[in-house]
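Chemist: Provided herewith is a single structure, encoded as structure tokens, for subsequent inquiry.
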Amino acid sequence: MKQDPKRLDHPWSVYVIGLLVLLITLFVLGGVINHLAFSSHGPGLLIPLVKKFQKEESPILKEFKAHRKADEHRHFHHFVEYPETPEERRPVCFICHSKLAHTKTKKIRAMLNMHTNFFACETCHLEPVKGETVFYNWYSPMEKDPKGPFFGTSYDPESGELVRTRDHFSKITPFYKRDGLYTPTLHMQQGEMAKDYVKVRDKLTPEQREGVTQKFHTDIRPKGPECQTCHSSNGILDLKGLGFSGNRIVDLENLSIKGMITKYDEFYLPDLFKQSVETETGDQDRQ
């Protein structure tokens, strides 16, 4: 009886070469498909279909992104990517004011904008409803009952910096107690009025916009409280109840910068660099 010849094992190099040929073939095939379907330098057969399902981006937003990208290339600072709340879960305030809403007073605008990392807008700007008691607690747009640990409540004993946390969204927020339940006072963008306003605001006249925004501000006061309203031992916030550590509470209640803001209108820095430059210039002139 005639036996089948034994199959010889191929050397491993054959499999490596075969795999490389397959990868190159797939790469070339992908490039051809991209050129034919999506590339602006080719027929672009599927470009109209893709644009049909893409949301049109505003020219201002495009310009902002281009400016930021250019700034990242030429600037020596390192930009840290920070998780952003989805647009539909942001406060309605952000539609007009953005998250860095304080711009008028140059002396303190950076410090006030820093507070938006820890507070909801209503924490400082809520005009309480008569007869209602305001309670302050942590609120997150991403989960119903956030447990923490919350950013800003304690220090890292080794570095002395604020402890990093995974919760980037929870902020101290005012609540009303109604029917035994605590209800946040926030106006969120998923509200029907906010949704409609976003769609039609570019078509409204200035007078019409003002009328709509007045409705958003029915229980909002334009100016926030003084520093000592929160940064004092008898402030409106129960820092211990909110989970702040002992040494963090001491620092928040005794911030020296409060006095700088309330006592001084101008800040002066020593002219160390100016004197150095003048000295070097004088030495060069003498040479």
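The chains in the structure tokens are called A, B, ... from first to last as shown; in each chain the residues are counted from 1, and the ligands are counted from 1 in the order shown.
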Within 10 Å of Val92 of chain A, counting only C-alpha atoms, which residues qualify if same-chain residues fewer than 5 places away don't, as a VMD selection string?
Modeler: chain A and resid 87 97 to 98 121 186 to 191 193 to 195 198 216
Chemist: Just N, CA and C atoms for this one: save the residues we selected as a JSON list (two decimals), in the first residue's frame.
Modeler:
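Wrote it out as part.json, contents follow:
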```json
[["chain", "number", "residue", "atom", "x", "y", "z"],
["A", 87, "GLU", "N", -21.44, 68.34, 27.72],
["A", 87, "GLU", "CA", -22.13, 69.63, 27.56],
["A", 87, "GLU", "C", -23.54, 69.61, 28.12],
["A", 97, "HIS", "N", -21.64, 82.35, 29.99],
["A", 97, "HIS", "CA", -20.52, 82.85, 30.80],
["A", 97, "HIS", "C", -19.28, 81.97, 30.75],
["A", 98, "SER", "N", -19.38, 80.74, 30.28],
["A", 98, "SER", "CA", -18.30, 79.75, 30.32],
["A", 98, "SER", "C", -17.96, 79.43, 31.76],
["A", 121, "CYS", "N", -21.89, 77.51, 40.45],
["A", 121, "CYS", "CA", -22.12, 78.96, 40.35],
["A", 121, "CYS", "C", -23.12, 79.43, 41.40],
["A", 186, "LEU", "N", -29.43, 73.84, 41.02],
["A", 186, "LEU", "CA", -28.77, 74.09, 39.73],
["A", 186, "LEU", "C", -29.76, 74.15, 38.58],
["A", 187, "HIS", "N", -29.44, 75.02, 37.61],
["A", 187, "HIS", "CA", -30.15, 75.03, 36.33],
["A", 187, "HIS", "C", -29.24, 74.34, 35.33],
["A", 188, "MET", "N", -29.63, 73.16, 34.86],
["A", 188, "MET", "CA", -28.77, 72.39, 33.98],
["A", 188, "MET", "C", -29.16, 72.61, 32.51],
["A", 189, "GLN", "N", -28.23, 72.33, 31.63],
["A", 189, "GLN", "CA", -28.45, 72.59, 30.20],
["A", 189, "GLN", "C", -29.45, 71.63, 29.57],
["A", 190, "GLN", "N", -29.74, 70.50, 30.26],
["A", 190, "GLN", "CA", -30.72, 69.60, 29.66],
["A", 190, "GLN", "C", -32.15, 70.07, 29.88],
["A", 191, "GLY", "N", -32.32, 71.19, 30.61],
["A", 191, "GLY", "CA", -33.65, 71.75, 30.77],
["A", 191, "GLY", "C", -34.24, 72.17, 29.43],
["A", 193, "MET", "N", -35.99, 74.68, 28.44],
["A", 193, "MET", "CA", -35.79, 76.09, 28.08],
["A", 193, "MET", "C", -34.37, 76.32, 27.59],
["A", 194, "ALA", "N", -33.40, 75.69, 28.29],
["A", 194, "ALA", "CA", -32.00, 75.84, 27.90],
["A", 194, "ALA", "C", -31.75, 75.22, 26.53],
["A", 195, "LYS", "N", -32.34, 74.06, 26.28],
["A", 195, "LYS", "CA", -32.17, 73.40, 24.99],
["A", 195, "LYS", "C", -32.71, 74.28, 23.86],
["A", 198, "VAL", "N", -30.38, 77.35, 23.21],
["A", 198, "VAL", "CA", -29.15, 77.04, 22.48],
["A", 198, "VAL", "C", -29.44, 76.94, 20.99],
["A", 216, "PHE", "N", -33.50, 83.03, 33.19],
["A", 216, "PHE", "CA", -32.47, 82.19, 33.77],
["A", 216, "PHE", "C", -31.94, 82.78, 35.08]]
```
Chemist: Give me the residues near segment 125-133 of chain A as an MDAnalysis selection string, where near means some atom within 8 Å (using only C-alpha atoms) and where sequence neighbours in that chain fewer than 2 positions away do not count.
Modeler: chainID A and resid 121:123 135 176:177 219:225
Chemist: Select, from A:Ser40, A:Leu46, A:Tyr136, A:Thr213, the residue with the minimum atom-to-atom distance to Asp238 of chain A, counting only C-alpha atoms.
Modeler: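 Ranking A:Ser40, A:Leu46, A:Tyr136, A:Thr213 by distance to Asp238 of chain A, first place goes to A:Tyr136.
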Chemist: Can you pull out every residue within 12 Å of Glu253 of chain A, counting only C-alpha atoms, but drop anything in the same chain fewer than 2 positions away, and send it as a PyMOL selection string?
Modeler: chain A and resi 227-240+244+246-251+255-258
Chemist: Could you please determine the separation between atom CA of Lys199 of chain A and atom CA of Ile95 of chain A in Å, to one decimal place?
Modeler: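 Straight-line distance from atom CA of Lys199 of chain A to atom CA of Ile95 of chain A works out to 11.4 Å.
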Chemist: When DSSP works through the backbone of this structure, what residues of segment 55-272 of chain A end up as alpha helix (DSSP H), shown as JSON, numbers by chain?
Modeler: {"A": [59, 60, 61, 62, 63, 64, 65, 66, 67, 68, 69, 70, 71, 72, 73, 74, 94, 95, 96, 97, 109, 110, 111, 112, 113, 114, 121, 122, 123, 124, 125, 192, 193, 194, 195, 196, 197, 198, 199, 200, 206, 207, 208, 209, 210, 211, 212, 213, 214, 215, 216, 246, 247, 248, 249, 250, 251, 252, 253, 257, 258, 259, 260, 261, 262, 263, 272]}
Chemist: Please report the interatomic distance between atom CA of Thr165 of chain A and atom CA of Phe151 of chain A in Å with one decimal.
Modeler: 5.7 Å
Chemist: Pick out each residue of segment 151-244 of chain A that DSSP on the backbone tags as strand (DSSP E or B); I need them as a list in words.
Modeler: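 Output for segment 151-244 of chain A, strand (DSSP E or B) only: Tyr155, Leu162, Asp167, Lys171, Ile172, Thr173, Pro174, Phe175, Tyr176, Lys177, Arg178, Leu181, Tyr182, Thr183, Pro184, Met188 and Ile220 of chain A.
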Chemist: Of the candidates A:Ile172, A:Val21, A:Leu162, A:Leu204, which one gets nearest to Phe119 of chain A if we count only C-alpha atoms?
Modeler: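 So, comparing all the options, the nearest one is A:Ile172.
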